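So this block is work-v6.cif, mmCIF, C-alpha atoms (C1' of nucleotides):
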```cif
data_data
loop_
_atom_site.label_atom_id
_atom_site.label_comp_id
_atom_site.auth_asym_id
_atom_site.auth_seq_id
_atom_site.Cartn_x
_atom_site.Cartn_y
_atom_site.Cartn_z
CA MET A 591 10.78 -16.78 24.22
CA PRO A 592 8.95 -16.85 20.99
CA GLU A 593 8.14 -13.92 18.79
CA LEU A 594 5.55 -13.74 16.05
CA PRO A 595 7.19 -16.31 13.70
CA GLU A 596 7.65 -18.87 16.45
CA VAL A 597 4.09 -18.48 17.75
CA GLU A 598 2.72 -18.66 14.21
CA THR A 599 4.73 -21.84 13.65
CA ILE A 600 3.34 -23.36 16.83
CA LYS A 601 -0.16 -22.32 15.81
CA ARG A 602 0.19 -24.11 12.47
CA ASP A 603 1.75 -27.15 14.14
CA LEU A 604 -1.16 -27.30 16.60
CA GLU A 605 -3.65 -27.12 13.75
CA LYS A 606 -2.12 -30.30 12.38
CA THR A 607 -1.98 -32.12 15.71
CA VAL A 608 -4.53 -31.08 18.32
CA LEU A 609 -7.22 -29.22 16.39
CA GLY A 610 -10.53 -31.06 16.60
CA LYS A 611 -9.41 -33.25 19.47
CA LYS A 612 -11.10 -33.43 22.85
CA ILE A 613 -9.37 -32.75 26.13
CA ILE A 614 -10.07 -35.71 28.40
CA GLU A 615 -8.13 -34.62 31.44
CA VAL A 616 -5.83 -31.81 32.55
CA CYS A 617 -2.99 -32.30 34.99
CA VAL A 618 -1.47 -29.15 36.50
CA HIS A 619 2.03 -29.97 37.76
CA HIS A 620 2.94 -26.36 38.53
CA PRO A 621 0.03 -24.06 39.42
CA ALA A 622 2.02 -20.84 38.92
CA VAL A 623 1.45 -20.86 35.17
CA VAL A 624 -2.33 -21.04 35.51
CA ARG A 625 -3.33 -17.38 35.79
CA GLU A 626 -7.10 -17.52 35.34
CA PRO A 627 -9.38 -18.79 36.75
CA GLY A 628 -8.18 -20.84 39.75
CA VAL A 629 -6.60 -24.22 39.08
CA GLY A 630 -9.75 -26.12 40.01
CA LYS A 631 -11.99 -24.12 37.69
CA PHE A 632 -9.31 -24.14 34.99
CA LYS A 633 -9.26 -27.94 34.95
CA LYS A 634 -13.04 -28.16 35.09
CA ASP A 635 -13.44 -25.67 32.22
CA LEU A 636 -11.09 -27.67 30.00
CA THR A 637 -12.22 -31.19 30.73
CA GLY A 638 -14.43 -32.71 28.06
CA VAL A 639 -14.19 -29.86 25.57
CA THR A 640 -12.97 -29.95 21.98
CA VAL A 641 -10.47 -27.58 20.35
CA LYS A 642 -12.55 -25.89 17.66
CA ARG A 643 -10.25 -23.22 16.25
CA ILE A 644 -6.74 -21.93 16.83
CA LEU A 645 -5.84 -18.27 16.49
CA ARG A 646 -2.84 -16.07 17.08
CA ARG A 647 -2.70 -12.42 18.07
CA ALA A 648 0.87 -11.13 18.06
CA LYS A 649 2.67 -13.54 20.42
CA VAL A 650 -0.50 -14.90 22.03
CA LEU A 651 -2.07 -18.24 21.15
CA ILE A 652 -5.81 -18.72 21.42
CA LEU A 653 -7.50 -22.12 21.39
CA GLU A 654 -11.23 -21.65 20.95
CA LEU A 655 -13.18 -24.46 22.60
CA SER A 656 -16.50 -26.19 21.96
CA SER A 657 -17.77 -24.71 25.22
CA GLY A 658 -17.50 -21.22 23.76
CA LYS A 659 -14.62 -20.40 26.06
CA SER A 660 -10.99 -20.10 25.01
CA LEU A 661 -7.66 -21.31 26.31
CA VAL A 662 -5.31 -18.35 25.96
CA ILE A 663 -1.59 -19.08 26.09
CA HIS A 664 1.33 -16.68 26.34
CA LEU A 665 4.62 -18.57 26.15
CA LYS A 666 6.72 -15.62 27.33
CA MET A 667 10.41 -16.56 27.38
CA THR A 668 10.63 -20.32 27.78
CA GLY A 669 7.17 -21.70 27.19
CA GLN A 670 6.84 -24.73 24.91
CA LEU A 671 3.93 -26.77 23.62
CA VAL A 672 4.98 -30.31 22.80
CA TYR A 673 2.95 -33.11 21.24
CA PRO A 674 3.06 -35.98 21.71
CA GLY A 675 4.28 -35.13 25.18
CA GLY A 676 4.49 -36.94 28.48
CA GLY A 677 7.90 -35.51 29.36
CA SER A 678 9.21 -34.79 32.84
CA LYS A 679 9.52 -31.03 32.20
CA SER A 680 5.77 -30.60 31.84
CA ARG A 681 4.09 -27.85 33.87
CA VAL A 682 0.63 -28.70 32.58
CA SER A 683 -0.39 -31.85 30.70
CA PHE A 684 -3.45 -32.03 28.48
CA TYR A 685 -4.63 -35.60 27.93
CA LEU A 686 -6.31 -35.76 24.55
CA SER A 687 -8.95 -38.01 23.00
CA ASP A 688 -6.35 -39.70 20.78
CA GLY A 689 -4.58 -41.11 23.82
CA LYS A 690 -1.68 -38.70 23.48
CA ILE A 691 -0.59 -35.81 25.65
CA LEU A 692 -0.01 -32.15 24.86
CA ASP A 693 2.59 -30.80 27.28
CA PHE A 694 3.03 -27.21 28.31
CA ASN A 695 6.68 -26.85 29.36
CA ASP A 696 8.10 -23.65 30.81
CA GLN A 697 11.44 -23.60 32.54
CA ARG A 698 11.18 -20.06 33.91
CA LEU A 699 7.47 -20.13 34.77
CA PHE A 700 6.78 -16.76 33.14
CA GLY A 701 4.25 -18.35 30.83
CA GLU A 702 0.58 -17.64 31.27
CA LEU A 703 -2.37 -19.97 30.72
CA ARG A 704 -5.92 -18.67 30.99
CA VAL A 705 -9.39 -19.88 30.29
CA LEU A 706 -11.54 -16.92 29.32
CA GLY A 707 -15.13 -16.59 28.23
CA ASP A 708 -14.06 -14.10 25.60
CA TRP A 709 -10.37 -13.78 24.78
CA ARG A 710 -10.99 -10.37 23.24
CA THR A 711 -11.55 -8.93 26.71
CA LEU A 712 -8.01 -9.73 27.86
CA LYS A 713 -6.38 -6.39 28.62
CA PHE A 714 -3.08 -7.32 27.05
CA ILE A 715 -4.75 -8.28 23.78
CA GLN A 716 -6.75 -5.06 23.75
CA SER A 717 -3.57 -3.04 24.21
CA LEU A 718 -1.79 -4.60 21.21
CA GLY A 719 -0.82 -2.39 18.33
CA PRO A 720 -1.23 -3.64 14.75
CA GLU A 721 0.90 -6.47 13.42
CA PRO A 722 3.32 -5.37 10.69
CA PHE A 723 1.28 -7.31 8.12
CA ASP A 724 -1.84 -5.35 8.95
CA ILE A 725 -0.61 -1.87 8.10
CA THR A 726 0.52 -0.07 4.98
CA LEU A 727 3.86 1.61 4.44
CA ALA A 728 2.14 4.99 4.68
CA GLN A 729 0.67 4.07 8.05
CA PHE A 730 3.99 2.76 9.34
CA LYS A 731 5.75 5.94 8.28
CA GLU A 732 3.17 8.09 9.98
CA MET A 733 3.29 6.04 13.20
CA ILE A 734 7.08 6.25 13.38
CA SER A 735 7.18 9.96 12.66
CA LYS A 736 5.20 10.70 15.78
CA LYS A 737 7.70 8.98 18.09
CA ARG A 738 10.87 10.35 19.61
CA THR A 739 12.04 7.18 21.33
CA LYS A 740 14.97 5.12 20.18
CA ILE A 741 13.86 2.99 17.28
CA LYS A 742 14.80 -0.41 18.70
CA PRO A 743 12.86 -0.15 21.97
CA LEU A 744 9.98 1.25 19.91
CA LEU A 745 9.87 -1.87 17.75
CA LEU A 746 9.64 -3.94 20.95
CA ASP A 747 6.71 -1.87 22.25
CA GLN A 748 3.74 -4.18 21.69
CA THR A 749 1.30 -1.30 21.96
CA PHE A 750 3.06 0.39 19.04
CA VAL A 751 3.42 -2.56 16.71
CA SER A 752 2.90 -6.14 17.87
CA GLY A 753 4.72 -9.41 17.27
CA ILE A 754 8.32 -8.21 17.06
CA GLY A 755 10.69 -9.24 19.85
CA ASN A 756 14.31 -8.68 20.68
CA LEU A 757 15.73 -11.01 18.07
CA TYR A 758 13.76 -9.87 15.02
CA ALA A 759 14.09 -6.21 15.99
CA ALA A 760 17.87 -6.60 15.80
CA GLU A 761 17.73 -8.47 12.50
CA ALA A 762 15.31 -6.01 10.88
CA LEU A 763 17.40 -2.98 11.90
CA PHE A 764 20.49 -4.62 10.47
CA ARG A 765 18.73 -5.35 7.18
CA ALA A 766 17.52 -1.74 7.02
CA LYS A 767 20.99 -0.47 8.02
CA VAL A 768 19.51 1.62 10.82
CA GLY A 769 21.28 1.98 14.18
CA PRO A 770 19.24 0.76 17.18
CA GLU A 771 19.64 4.03 19.07
CA ARG A 772 18.40 6.32 16.32
CA PRO A 773 15.54 8.55 17.41
CA SER A 774 12.52 7.19 15.57
CA GLN A 775 11.51 10.48 14.05
CA SER A 776 15.01 10.96 12.63
CA LEU A 777 14.58 8.14 10.12
CA SER A 778 14.34 9.30 6.53
CA GLY A 779 11.43 8.22 4.36
CA LYS A 780 13.71 5.78 2.59
CA GLU A 781 14.91 4.31 5.90
CA LYS A 782 11.37 3.88 7.17
CA GLU A 783 10.50 2.06 3.97
CA LYS A 784 13.54 -0.19 4.21
CA LEU A 785 12.75 -0.94 7.83
CA PHE A 786 9.11 -1.73 7.12
CA ASN A 787 10.03 -4.07 4.28
CA ALA A 788 12.81 -5.66 6.35
CA ILE A 789 10.43 -6.39 9.20
CA LYS A 790 7.87 -8.02 6.95
CA ASP A 791 10.41 -9.96 4.87
CA ILE A 792 12.23 -11.27 7.90
CA LEU A 793 9.09 -12.27 9.79
CA GLU A 794 7.73 -14.02 6.71
CA LYS A 795 10.94 -15.87 6.01
CA ALA A 796 11.25 -16.87 9.66
CA ILE A 797 7.74 -18.32 9.52
CA ARG A 798 8.65 -20.27 6.39
CA HIS A 799 11.60 -21.74 8.27
CA GLY A 800 9.65 -22.62 11.40
CA GLY A 801 11.13 -19.89 13.60
CA SER A 802 14.48 -19.40 15.31
CA SER A 803 15.64 -21.97 17.82
CA VAL A 804 17.90 -20.13 20.21
CA ASP A 805 17.93 -21.56 23.72
CA ASP A 806 14.50 -23.03 24.44
CA TYR A 807 12.21 -22.61 21.46
CA VAL A 808 11.08 -25.79 19.78
CA ARG A 809 8.22 -26.63 17.49
CA VAL A 810 5.29 -28.71 18.69
CA SER A 811 7.07 -31.83 17.41
CA GLY A 812 10.01 -31.00 19.71
CA LYS A 813 12.19 -30.24 16.69
CA ALA A 814 14.14 -27.03 16.27
CA GLY A 815 13.12 -24.16 14.00
CA ASP A 816 15.47 -23.53 11.11
CA TYR A 817 15.78 -19.75 10.88
CA ALA A 818 18.70 -19.18 13.27
CA ARG A 819 21.16 -19.95 10.47
CA PHE A 820 20.01 -16.76 8.74
CA HIS A 821 20.69 -14.49 11.71
CA LYS A 822 23.07 -11.70 10.81
CA VAL A 823 23.65 -9.98 14.16
CA TYR A 824 21.55 -11.52 16.90
CA GLY A 825 23.79 -13.37 19.36
CA ARG A 826 26.91 -12.65 17.27
CA ALA A 827 28.71 -10.15 19.53
CA GLY A 828 32.43 -10.03 18.74
CA LYS A 829 32.03 -11.94 15.48
CA PRO A 830 32.67 -10.31 12.11
CA CYS A 831 29.79 -8.60 10.34
CA PHE A 832 28.88 -10.63 7.26
CA LEU A 833 28.94 -7.46 5.16
CA CYS A 834 31.97 -5.52 6.36
CA LYS A 835 33.85 -7.79 8.81
CA THR A 836 33.62 -5.23 11.61
CA GLN A 837 32.97 -6.89 14.95
CA VAL A 838 29.27 -7.06 15.80
CA LYS A 839 28.57 -5.03 18.95
CA ARG A 840 26.35 -5.76 21.90
CA ILE A 841 24.93 -2.96 24.00
CA ALA A 842 22.11 -2.87 26.54
CA LEU A 843 19.06 -0.92 25.45
CA GLY A 844 16.00 -0.84 27.63
CA GLY A 845 17.59 -3.67 29.57
CA ARG A 846 17.78 -5.93 26.53
CA GLY A 847 20.84 -7.16 24.76
CA THR A 848 21.05 -5.27 21.48
CA TYR A 849 23.23 -6.55 18.65
CA PHE A 850 24.26 -4.46 15.69
CA CYS A 851 27.06 -3.52 13.32
CA SER A 852 28.24 0.00 14.07
CA LYS A 853 29.66 0.38 10.58
CA CYS A 854 26.76 -0.94 8.49
CA GLN A 855 24.00 0.54 10.66
CA LYS A 856 23.85 4.31 10.86
"C1'" DA B 397 5.15 10.87 27.86
"C1'" DA B 398 9.25 8.48 28.11
"C1'" DT B 399 13.04 5.99 30.16
"C1'" DG B 400 15.38 3.23 33.41
"C1'" DG B 401 15.54 -0.17 36.79
"C1'" DG B 402 13.89 -4.03 38.95
"C1'" DA B 403 10.69 -7.83 39.24
"C1'" DC B 404 8.79 -12.30 37.94
"C1'" DC B 405 11.79 -17.52 37.73
"C1'" DT B 406 15.19 -21.18 36.49
"C1'" DG B 407 19.27 -22.81 34.50
"C1'" DC B 408 23.20 -22.36 31.55
"C1'" DG B 409 27.95 -21.10 30.43
"C1'" DC B 410 31.84 -18.64 31.65
"C1'" DG B 411 35.96 -17.19 34.30
"C1'" DC B 412 38.48 -17.80 38.35
"C1'" DT C 1075 35.32 -29.49 40.87
"C1'" DG C 1076 32.91 -25.65 42.63
"C1'" DC C 1077 31.30 -20.98 43.07
"C1'" DG C 1078 29.66 -16.57 41.71
"C1'" DC C 1079 28.29 -13.84 38.06
"C1'" DG C 1080 26.05 -12.45 33.88
"C1'" DC C 1081 22.96 -13.74 30.70
"C1'" DA C 1082 18.42 -15.36 28.50
"C1'" DG C 1083 13.75 -14.47 23.01
"C1'" DG C 1084 8.58 -11.11 27.33
"C1'" DT C 1085 5.99 -8.05 29.87
"C1'" DC C 1086 4.60 -5.44 34.03
"C1'" DC C 1087 5.18 -2.07 37.61
"C1'" DC C 1088 7.19 1.68 39.86
"C1'" DA C 1089 10.01 5.86 40.23
"C1'" DT C 1090 11.78 9.81 38.13
#
```

Could you express the structure from this file as structure tokens?
Amino acid sequence: MPELPEVETIKRDLEKTVLGKKIIEVCVHHPAVVREPGVGKFKKDLTGVTVKRILRRAKVLILELSSGKSLVIHLKMTGQLVYPGGGSKSRVSFYLSDGKILDFNDQRLFGELRVLGDWRTLKFIQSLGPEPFDITLAQFKEMISKKRTKIKPLLLDQTFVSGIGNLYAAEALFRAKVGPERPSQSLSGKEKEKLFNAIKDILEKAIRHGGSSVDDYVRVSGKAGDYARFHKVYGRAGKPCFLCKTQVKRIALGGRGTYFCSKCQK
DNA sequence: AATGGGACCTGCGCGC
DNA sequence: TGCGCGCAGGTCCCAT
């Protein structure tokens, strides 16, 4: 589900709602989402601890706890954190010291909850490439030049650059007017620059608007994010391009739906 | 090294 | 109304 802007939005929402609160009790309604340690230890590790700090790495949320351990959450496709919760869709419920509940919902059960002594040791986190905000244009250009893969799947490769998902990859390529199947190293200097700026602008603006609510994503309050109204190509197959009126295309690339305008994006 | 396919799951919307 | 199919924002694993 959520990409960098959505996870950042949830992080900020959590800072306003659950930061500093104590977890009184944890109820695991569906054990599949608890990946580490076992359910029993997971509940024990979380009971009676306070949420001290909330971090985000790419699409991963990290709640640092007073015990020194961390609750690491990957929402994957359909994960949600909702407060105040208590809903019937909850997979895991966190009962907090304010008498309210933080729900972890996840229709498809791809989500992953872990309690770790040190979140930095998680293999997935160690494998992450830099976030777009953490590199310079010169670095981005150099990174891209070394790759021969199609540019769109490359943007989705979290070990290359982290935080971008299917939706924002499509939007950034449209803004940069670059076709999704272009070999990465074929991009001109100007195109790399436009793409880099497009990625950062779009991610920033999406954060300002609380993310894109398509399908399942909601903010911690349960309300929708507001960025979907700015989408130019994502989910618009068959509809006219806002720039040239050509029908937006959808192709499959690396198994993912890929939306683009074949006239505007070369 | 890179790419493609399938897997993990559930539920929605569509066409027939 | 009901059924089957394709689709879904993420990531991993295997085969080629």

Spatial sel., origin (7.1, -4.4, 33.2), limit 10 Å, only C-alpha atoms (C1' of nucleotides), listed as an MDAnalysis selection string: (chainID B and resid 402:404) or (chainID C and resid 1084:1088)

Answer key for the PyMOL selection byres ((chain A) within 8 of (chain C)), residues as a PyMOL selection string: chain A and resi 591-593+666-667+755-757+804-805

Neighbours of chain A in chain B at 10 Å, counting only C-alpha atoms (C1' of nucleotides), as an NGL selection string: :B and (398-401 or 404-408)

Close residues, Phe730 in chain A itself excluded, 12 Å, all atoms listed in the file, min 3 positions apart in chain, as a tab-separated table (two decimals) with C-alpha atoms, keeping the file's coordinate frame:
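Done, and the output landed in part-v9.tsv:
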```tsv
chain	number	residue	atom	x	y	z
A	719	GLY	CA	-0.82	-2.39	18.33
A	720	PRO	CA	-1.23	-3.64	14.75
A	721	GLU	CA	0.90	-6.47	13.42
A	722	PRO	CA	3.32	-5.37	10.69
A	723	PHE	CA	1.28	-7.31	8.12
A	724	ASP	CA	-1.84	-5.35	8.95
A	725	ILE	CA	-0.61	-1.87	8.10
A	726	THR	CA	0.52	-0.07	4.98
A	727	LEU	CA	3.86	1.61	4.44
A	733	MET	CA	3.29	6.04	13.20
A	734	ILE	CA	7.08	6.25	13.38
A	735	SER	CA	7.18	9.96	12.66
A	736	LYS	CA	5.20	10.70	15.78
A	737	LYS	CA	7.70	8.98	18.09
A	745	LEU	CA	9.87	-1.87	17.75
A	750	PHE	CA	3.06	0.39	19.04
A	751	VAL	CA	3.42	-2.56	16.71
A	774	SER	CA	12.52	7.19	15.57
A	775	GLN	CA	11.51	10.48	14.05
A	777	LEU	CA	14.58	8.14	10.12
A	779	GLY	CA	11.43	8.22	4.36
A	781	GLU	CA	14.91	4.31	5.90
A	782	LYS	CA	11.37	3.88	7.17
A	783	GLU	CA	10.50	2.06	3.97
A	784	LYS	CA	13.54	-0.19	4.21
A	785	LEU	CA	12.75	-0.94	7.83
A	786	PHE	CA	9.11	-1.73	7.12
A	787	ASN	CA	10.03	-4.07	4.28
A	789	ILE	CA	10.43	-6.39	9.20
A	790	LYS	CA	7.87	-8.02	6.95
```

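A straight line drawn from CA of Leu744 in chain A to CA of Val650 in chain A is 19.4 Å long.
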
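Shell of range 599-614 of chain A at 8 Å, with only C-alpha atoms (C1' of nucleotides) counted and residues fewer than 5 places along the chain excluded, is Leu636, Thr637, Gly638, Val639, Thr640, Val641, Lys642, Arg643, Ile644, Leu645, Arg646, Leu651, Leu671, Tyr673, Phe684, Tyr685, Leu686, Ser687, Asp688, Ile797, Gly800, Gly801, Arg809, Val810 and Ser811 of chain A.
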
The PyMOL selection byres ((chain A and resi 714-717) around 10) applied to the shown file, residues as a PyMOL selection string: (chain A and resi 647-650+709-713+718-720+748-750+752) or (chain C and resi 1085)
